[in-house]
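J.: One structure follows; several queries about it will come next.
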Amino acid sequence: MSELSENKVYQSLRTVLAAVAGISLANVFLIKMEIERNLLFSAFLPALGANRTVYFAPEFNQNRAIIGGVMLIGALFTCYVLSNKRWVWMMIAFLIYLIDTWFMIWFIEVGGYSYAEWSLDIIAHVIILAILLRAAVIGKNRAEKKPVEEMSQPAEEKTDNKIDYYVDD
């Protein structure tokens, strides 16, 4: 893959991370407004927290749970912003989303839900995980291809434009 097309692919995959953060944020606010829609390709934990407080624990301070969800979404968006310079942030986003996926699978198991009911969510999470991992790999390859500054060359002596006032007579 040429360097130009590799950069375009990496930027496209980064955009998917921003879209996931945006869809997750929209999902939380739809739940807060009590609109019963679940958007695919969003993070699970922010929606779970908002859903539990809005529908099942209204006496709990809803804003705290929603702020917690928005903070997780903010972490994903921060990874998006910082991944423009360093590929490691794509790997961190992958790990955050992997933990989110693990909690979703745990929730399905503990709740006794059918995997068939959650199949679209599971497939969406697997797709996003694959995209984030691919972006991290491409980012790492891009970083390895960048020319390293030539440190082997001796540093040039700098003239400091200092005036020596000591004069020998």
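Each chain in the structure tokens gets a letter, A, B, ..., in the order shown, and its residues are numbered from 1; ligands are numbered from 1 in order too.
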Got a sec: who's within 7 Å of Cys79 in chain A, counting only C-alpha atoms, leaving out chain neighbours fewer than 2 positions off, as a PDB file with C-alpha atoms, in the first residue's frame?
T.:
```
ATOM      1  CA  ALA A  75     -12.388   9.362  26.373  1.00  0.00           C
ATOM      2  CA  LEU A  76     -13.158   7.843  22.970  1.00  0.00           C
ATOM      3  CA  PHE A  77     -13.293  11.274  21.374  1.00  0.00           C
ATOM      4  CA  VAL A  81      -8.208  13.704  18.522  1.00  0.00           C
ATOM      5  CA  LEU A  82      -4.850  12.493  19.838  1.00  0.00           C
ATOM      6  CA  SER A  83      -4.570   9.649  17.329  1.00  0.00           C
ATOM      7  CA  TRP A  89      -4.229   6.347  20.946  1.00  0.00           C
ATOM      8  CA  MET A  90      -6.008   4.108  18.442  1.00  0.00           C
ATOM      9  CA  ALA A  93      -9.478   3.363  21.933  1.00  0.00           C
TER      10      ALA A  93
END
```
J.: Need the shell around range 107-121 of chain A: protein/DNA/RNA residues with any atom at most 9 Å away, counting only C-alpha atoms. Skip same-chain ones fewer than 6 positions apart. Format as number ranges by chain?
T.: A: 40-42, 44
J.: Quick one: residues within 6 Å of Trp87 in chain A, only C-alpha atoms, excluding same-chain residues fewer than 5 positions away - as a count of residues only?
T.: 3
J.: Quick one: DSSP helix (DSSP H, G or I) residues in range 3-169 of chain A, as number ranges by chain?
T.: A: 3-32, 44-56, 62-82, 88-111, 119-145
J.: Neighbours of Trp102 in chain A within 12 Å (only C-alpha atoms; same-chain residues fewer than 6 positions away dropped), as a PDB file with N, CA and C atoms, in the first residue's frame?
T.:
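Once written, part_37.pdb looks like this:
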```pdb
ATOM      1  N   ALA A  43     -21.284   2.893  22.009  1.00  0.00           N
ATOM      2  CA  ALA A  43     -20.732   2.224  23.182  1.00  0.00           C
ATOM      3  C   ALA A  43     -21.879   1.729  24.064  1.00  0.00           C
ATOM      4  N   PHE A  44     -21.652   0.615  24.737  1.00  0.00           N
ATOM      5  CA  PHE A  44     -22.693  -0.024  25.528  1.00  0.00           C
ATOM      6  C   PHE A  44     -22.830   0.600  26.918  1.00  0.00           C
ATOM      7  N   LEU A  45     -21.722   0.830  27.604  1.00  0.00           N
ATOM      8  CA  LEU A  45     -21.775   1.281  29.000  1.00  0.00           C
ATOM      9  C   LEU A  45     -22.468   2.631  29.202  1.00  0.00           C
ATOM     10  N   LEU A  95      -8.760  -0.725  23.219  1.00  0.00           N
ATOM     11  CA  LEU A  95      -8.871  -1.351  24.546  1.00  0.00           C
ATOM     12  C   LEU A  95     -10.108  -0.862  25.299  1.00  0.00           C
ATOM     13  N   ILE A  96     -10.407   0.427  25.197  1.00  0.00           N
ATOM     14  CA  ILE A  96     -11.619   0.958  25.842  1.00  0.00           C
ATOM     15  C   ILE A  96     -12.854   0.279  25.263  1.00  0.00           C
ATOM     16  N   ILE A 108     -25.230  -9.610  29.005  1.00  0.00           N
ATOM     17  CA  ILE A 108     -26.093 -10.585  28.330  1.00  0.00           C
ATOM     18  C   ILE A 108     -26.103 -11.895  29.103  1.00  0.00           C
ATOM     19  N   GLU A 109     -24.923 -12.339  29.529  1.00  0.00           N
ATOM     20  CA  GLU A 109     -24.821 -13.601  30.274  1.00  0.00           C
ATOM     21  C   GLU A 109     -25.526 -13.519  31.625  1.00  0.00           C
ATOM     22  N   ILE A 122     -23.849  -7.164  19.011  1.00  0.00           N
ATOM     23  CA  ILE A 122     -22.588  -7.913  19.067  1.00  0.00           C
ATOM     24  C   ILE A 122     -21.832  -7.769  17.753  1.00  0.00           C
ATOM     25  N   HIS A 125     -20.335  -4.325  17.508  1.00  0.00           N
ATOM     26  CA  HIS A 125     -19.150  -4.187  18.356  1.00  0.00           C
ATOM     27  C   HIS A 125     -17.938  -4.891  17.740  1.00  0.00           C
ATOM     28  N   VAL A 126     -18.144  -6.054  17.165  1.00  0.00           N
ATOM     29  CA  VAL A 126     -17.035  -6.780  16.536  1.00  0.00           C
ATOM     30  C   VAL A 126     -16.499  -5.993  15.337  1.00  0.00           C
ATOM     31  N   LEU A 129     -14.480  -3.090  16.706  1.00  0.00           N
ATOM     32  CA  LEU A 129     -13.204  -3.581  17.237  1.00  0.00           C
ATOM     33  C   LEU A 129     -12.232  -3.892  16.104  1.00  0.00           C
TER      34      LEU A 129
END
```
J.: What's the separation between CA of Ala50 in chain A and CA of Tyr97 in chain A, in Å to one decimal place?
T.: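 Calculated distance between CA of Ala50 in chain A and CA of Tyr97 in chain A is 17.7 Å.
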J.: With only C-alpha atoms as the counted atoms, please give the residues lying no more than 7 Å from range 63-68 of chain A, apart from itself and same-chain residues fewer than 4 positions off, as an NGL selection string.
T.: :A and (49-50 or 53 or 72)
